[in-house]
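What follows is a single structure, written as structure tokens, with notes after it.
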Amino acid sequence: MKTYKVAVIAGDGIGPEVIDEGVKVLNKIAELDQHFEFDFTYFPWGCEYYSEHGKMMAEDGIEKLKEFDAIYLGAVGFPGVPDHISLWDLLLIIRKEFDQYVNIRPVKLLEGAHCPLSDVKREDIDMLFIRENTEGEYSGAGDWLFKGKENEVVLQNGVFSRKGTERIIRYAFETAKKQGRSLTSISKANALNYSMVFWDQVFEEVSEEYPEVETASYLVDAAAMLMITDPKRFEVVVTSNLFGDILTDVGAALAGGIGLAAGANVNPERKYPSMFEPVHGSAPDIAGQGIGNPLASIWSASQMLDHFGYEQYGKLIIDAIEQLLIEGQTLTPDMKGSASTSEVGDRLIEMITTNS
Ligand code: NAI
Ligand code: MG
């Protein structure tokens with residue numbers, strides 16, 4: 001029996017509520033397969049931990065997490081702790097320390113999910129965003145000079161290394177080649193005259209190694225518009241850290257809302273654990289009511305199964321989510337339903353069991 005050791009950082013707000021459902025689904029899949037199991041270890045890190053200990057995670061948190069096969073994260077952030085602290089001292093540290101340089105975010109419109117565009121076909125919205133995840137605009141490099149003085153100056157530097165830019169673009173080409181789909185690069189070389197000119201150049205260079213992959217390249221502002229007016233242009237998409245962050249929220253809106261958007265932070269070399277998490281935050285406005293939509297966190301659990309090589313189970317979960325949406329009986333209030341978080345998880349597990 002193979003055992004996958006998974007570190008669970010359920011986090012704040014609705015984090016623990018939605019993660020519980022993902023854990024239930026993963027255990028059900030293991031039970032159905034009978035050849036592997038999950039060993040979940042919970043870490044109480046996040047904003048509550050911060051208010052007690054003055055830090056978001058234990059001092060040796062990264063050391064502790066290193067030994068796991070994967071990390072399953074809910075969300076961190078809560079009123080009272082500044083967002084840049086909760087984000088930087090936990091999430092971004094993990095992404096960087098574990099060299100999770102690929103952020104994979106599917107933007108796929110399932111049948112039954114609400115799309116705000118009136119005249120699109122479901123199959124027209126099927127994108128796979130590959131976002132650079134360890135440097136770029138979120139490098140954390142900068143300075144704050146003459147704080148509070150009249151001549152105050154703030155610098156926030158983008159870092160685009162040759163290694164970092166090449167490897168994310170190459171990963172995207174490999175993915176597009178494997179899937180037999182086109183690859184679109186999104187940048188902004190007209191205004192960002194160093195970083196994005198470089199990005200475009202590297203995209204050109206790497207594309208020569210993949211003559212079979214059809215490519216396109218857009219400026220980020222045009223891309224934001226085209227995602228709304230002509231979404232079917234986008235298949236596999238590669239972009240920088242900031243642009244990917246913003247555009248995948250546009251994508252989430254197109255594909256049924258933030259309650260369905262999932263993401264994987266992957267270290268492709270598997271030297272370190274990869275981390276799976278819903279795109280949404282801790283939703284303090286609905287926390288504690290048991291009505292957070294667990295589908296995004298369950299979708300990210302399916303990405304974990306893909307990562308472990310069980311793509312058949314990843315698909316089983318996505319198919320069940322689609323079936324649940326079509327049925328429309330057991331949905332949380334954000335999807336105009338009246339079910340609770342755990343009722344959604346339970347109904348999904350019934351469907352998975354029936355379909356397996
Ligand atoms: P948010 O995603 O937490 O909430 C935005 C809106 O969407 C809210 O109205 C919320 O109720 C709703 N929503 C989000 N997820 C939902 C779900 N699963 N089911 C039903 N409704 C859902 O974003 P917001 O309000 O900007 O941030 C709240 C906190 O979360 C902040 O502290 C922020 O820093 C943090 N955050 C953390 C992230 C992470 O840990 N990965 C990502 C984004 C935000
Ligand atoms: Mg975001």
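Convention: chains lettered A, B, ... in structure tokens order; per-chain residue numbering from 1; ligands numbered from 1 as shown.
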Select the residues contacting ligand 2 at a distance of at most 10 Å, based on only C-alpha atoms and all ligand atoms, then format the selection as a PyMOL selection string.
chain A and resi 241-249+278-281
Mind dumping the selected residues with N, CA and C atoms as an mmCIF file, in the first residue's frame?
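In the end it all went to selection01.cif:
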data_model
loop_
_atom_site.group_PDB
_atom_site.id
_atom_site.type_symbol
_atom_site.label_atom_id
_atom_site.label_comp_id
_atom_site.auth_asym_id
_atom_site.auth_seq_id
_atom_site.Cartn_x
_atom_site.Cartn_y
_atom_site.Cartn_z
ATOM 1 N N ASN A 241 3.808 36.521 -13.177
ATOM 2 C CA ASN A 241 3.188 36.342 -11.874
ATOM 3 C C ASN A 241 1.985 37.275 -11.652
ATOM 4 N N LEU A 242 2.189 38.558 -11.840
ATOM 5 C CA LEU A 242 1.116 39.548 -11.637
ATOM 6 C C LEU A 242 0.005 39.411 -12.672
ATOM 7 N N PHE A 243 0.395 39.336 -13.947
ATOM 8 C CA PHE A 243 -0.632 39.249 -14.998
ATOM 9 C C PHE A 243 -1.453 37.974 -14.817
ATOM 10 N N GLY A 244 -0.776 36.890 -14.446
ATOM 11 C CA GLY A 244 -1.474 35.620 -14.247
ATOM 12 C C GLY A 244 -2.435 35.699 -13.070
ATOM 13 N N ASP A 245 -2.023 36.394 -12.038
ATOM 14 C CA ASP A 245 -2.883 36.564 -10.864
ATOM 15 C C ASP A 245 -4.182 37.263 -11.267
ATOM 16 N N ILE A 246 -4.042 38.350 -11.998
ATOM 17 C CA ILE A 246 -5.221 39.150 -12.360
ATOM 18 C C ILE A 246 -6.086 38.422 -13.391
ATOM 19 N N LEU A 247 -5.441 37.926 -14.459
ATOM 20 C CA LEU A 247 -6.228 37.329 -15.546
ATOM 21 C C LEU A 247 -6.942 36.046 -15.121
ATOM 22 N N THR A 248 -6.373 35.334 -14.148
ATOM 23 C CA THR A 248 -7.084 34.120 -13.724
ATOM 24 C C THR A 248 -8.320 34.447 -12.880
ATOM 25 N N ASP A 249 -8.373 35.639 -12.303
ATOM 26 C CA ASP A 249 -9.635 36.050 -11.677
ATOM 27 C C ASP A 249 -10.674 36.388 -12.750
ATOM 28 N N PRO A 278 -7.407 26.289 -3.423
ATOM 29 C CA PRO A 278 -8.381 27.064 -4.197
ATOM 30 C C PRO A 278 -7.819 28.461 -4.456
ATOM 31 N N VAL A 279 -8.303 29.114 -5.499
ATOM 32 C CA VAL A 279 -7.825 30.461 -5.822
ATOM 33 C C VAL A 279 -8.386 31.487 -4.829
ATOM 34 N N HIS A 280 -9.571 31.220 -4.314
ATOM 35 C CA HIS A 280 -10.228 32.220 -3.465
ATOM 36 C C HIS A 280 -9.520 32.408 -2.128
ATOM 37 N N GLY A 281 -9.910 33.457 -1.412
ATOM 38 C CA GLY A 281 -9.330 33.746 -0.114
ATOM 39 C C GLY A 281 -10.160 33.164 1.018
#
Close residues, Ser207 of chain A itself excluded, 10 Å, only C-alpha atoms, min 4 positions apart in chain, as a list in words
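In the requested form, the answer reads Ile169, Arg170, Phe173, Leu183, Gln201, Val202, Phe203, Pro211, Glu212, Val213, Glu214 and Thr215 of chain A.
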In Å, rounded to a single decimal, give me how far atom CA of Val220 of chain A is from atom CA of Asn193 of chain A.
14.0 Å
Pick the closest to ligand 1 from A:Lys188, A:His35, A:His114, A:Lys336: which is it, counting only C-alpha atoms and all ligand atoms?
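Checking each of A:Lys188, A:His35, A:His114, A:Lys336 against ligand 1, counting only C-alpha atoms and all ligand atoms, the winner is A:Lys336.
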Near segment 316-321 of chain A, counting only C-alpha atoms, which residues have an atom at most 12 Å away, once you skip same-chain residues fewer than 6 positions from it, shown as a PyMOL selection string?
chain A and resi 22+25-26+28-29+32+106+108-113+256+259-260+262+293-306+310+327-328+330-331+344-356
Selection to disk with C-alpha atoms, as an mmCIF file, in the first residue's frame:
data_model
loop_
_atom_site.group_PDB
_atom_site.id
_atom_site.type_symbol
_atom_site.label_atom_id
_atom_site.label_comp_id
_atom_site.auth_asym_id
_atom_site.auth_seq_id
_atom_site.Cartn_x
_atom_site.Cartn_y
_atom_site.Cartn_z
ATOM 1 C CA GLY A 22 -11.505 18.051 -0.085
ATOM 2 C CA VAL A 25 -13.099 13.376 -1.272
ATOM 3 C CA LEU A 26 -9.421 12.356 -1.296
ATOM 4 C CA LYS A 28 -12.995 8.383 -0.659
ATOM 5 C CA ILE A 29 -10.851 8.086 -3.796
ATOM 6 C CA LEU A 32 -12.171 3.166 -3.905
ATOM 7 C CA PRO A 106 -7.598 25.726 -15.295
ATOM 8 C CA LYS A 108 -12.784 25.536 -17.947
ATOM 9 C CA LEU A 109 -16.485 26.170 -18.205
ATOM 10 C CA LEU A 110 -18.307 23.067 -17.022
ATOM 11 C CA GLU A 111 -21.846 22.397 -18.096
ATOM 12 C CA GLY A 112 -24.232 23.822 -15.532
ATOM 13 C CA ALA A 113 -21.782 26.500 -14.380
ATOM 14 C CA GLY A 256 -18.584 29.938 -13.022
ATOM 15 C CA GLY A 259 -16.167 29.196 -5.889
ATOM 16 C CA LEU A 260 -14.963 26.951 -8.717
ATOM 17 C CA ALA A 262 -8.590 25.957 -8.435
ATOM 18 C CA ASN A 293 -18.398 26.613 -1.697
ATOM 19 C CA PRO A 294 -16.035 23.624 -1.418
ATOM 20 C CA LEU A 295 -15.856 22.936 -5.173
ATOM 21 C CA ALA A 296 -12.714 25.007 -5.773
ATOM 22 C CA SER A 297 -10.819 23.220 -3.025
ATOM 23 C CA ILE A 298 -12.123 19.866 -4.270
ATOM 24 C CA TRP A 299 -11.023 20.765 -7.821
ATOM 25 C CA SER A 300 -7.550 21.526 -6.459
ATOM 26 C CA ALA A 301 -7.590 18.125 -4.731
ATOM 27 C CA SER A 302 -8.175 16.653 -8.206
ATOM 28 C CA GLN A 303 -5.038 18.486 -9.352
ATOM 29 C CA MET A 304 -3.154 16.779 -6.519
ATOM 30 C CA LEU A 305 -4.332 13.411 -7.829
ATOM 31 C CA ASP A 306 -3.195 14.392 -11.348
ATOM 32 C CA TYR A 310 -3.871 9.377 -10.975
ATOM 33 C CA GLU A 327 -28.256 18.493 -11.311
ATOM 34 C CA GLY A 328 -28.310 21.877 -9.566
ATOM 35 C CA THR A 330 -27.010 20.681 -3.971
ATOM 36 C CA LEU A 331 -25.179 23.966 -4.388
ATOM 37 C CA VAL A 344 -22.106 19.661 -1.285
ATOM 38 C CA GLY A 345 -19.149 17.460 -0.300
ATOM 39 C CA ASP A 346 -21.435 14.569 0.642
ATOM 40 C CA ARG A 347 -23.459 14.742 -2.583
ATOM 41 C CA LEU A 348 -20.279 14.865 -4.628
ATOM 42 C CA ILE A 349 -18.947 11.790 -2.853
ATOM 43 C CA GLU A 350 -22.198 9.963 -3.639
ATOM 44 C CA MET A 351 -21.732 10.795 -7.307
ATOM 45 C CA ILE A 352 -18.089 9.746 -7.320
ATOM 46 C CA THR A 353 -19.006 6.458 -5.682
ATOM 47 C CA THR A 354 -21.809 5.761 -8.154
ATOM 48 C CA ASN A 355 -19.672 6.666 -11.166
ATOM 49 C CA SER A 356 -16.548 4.767 -10.156
#
Pick out the closest residue to ligand 1 from this set: A:Tyr272, A:Phe78, A:Trp199, A:Phe160. Count only C-alpha atoms and all ligand atoms.
A:Phe78
Counting only C-alpha atoms and all ligand atoms, name the residues that have an atom within 9 Å of an atom of ligand 1; the answer should be given as an MDAnalysis selection string.
chainID A and resid 11:15 18 73:87 90:91 257:261 277:287 291:297 332:335 341
Please return, as a PyMOL selection string, all residues of segment 23-258 of chain A that DSSP assigns to helix (DSSP H, G or I) on the basis of the backbone.
chain A and resi 23-33+47-53+61-66+83-97+122-124+162-179+195-207+220-229+231-233+241-254+258
Name the closest residue to Ala7 of chain A among the candidates A:Phe129, A:Phe276, A:Tyr218, A:Phe98; distances are taken between atoms, counting only C-alpha atoms.
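Among the listed residues, A:Phe276 lies closest to Ala7 of chain A.
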Using only C-alpha atoms, pick whichever of A:Gly136, A:Gly288, A:Gly314, A:Pro116 has the shortest atom-to-atom distance to Lys163 of chain A.
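Comparing A:Gly136, A:Gly288, A:Gly314, A:Pro116 against Lys163 of chain A, the winner is A:Gly136.
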Using only C-alpha atoms: which of A:Ile168, A:Ala255, A:Leu226, A:Ile125 has the shortest distance to Asp99 of chain A:
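Looking at the shortest contact to Asp99 of chain A, the residue is A:Ile168.
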Residue among A:Ser340, A:Gln323, A:Gln100, A:Gln329 lying closest to Gln289 of chain A, counting only C-alpha atoms
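Counting only C-alpha atoms, the residue closest to Gln289 of chain A is A:Ser340.
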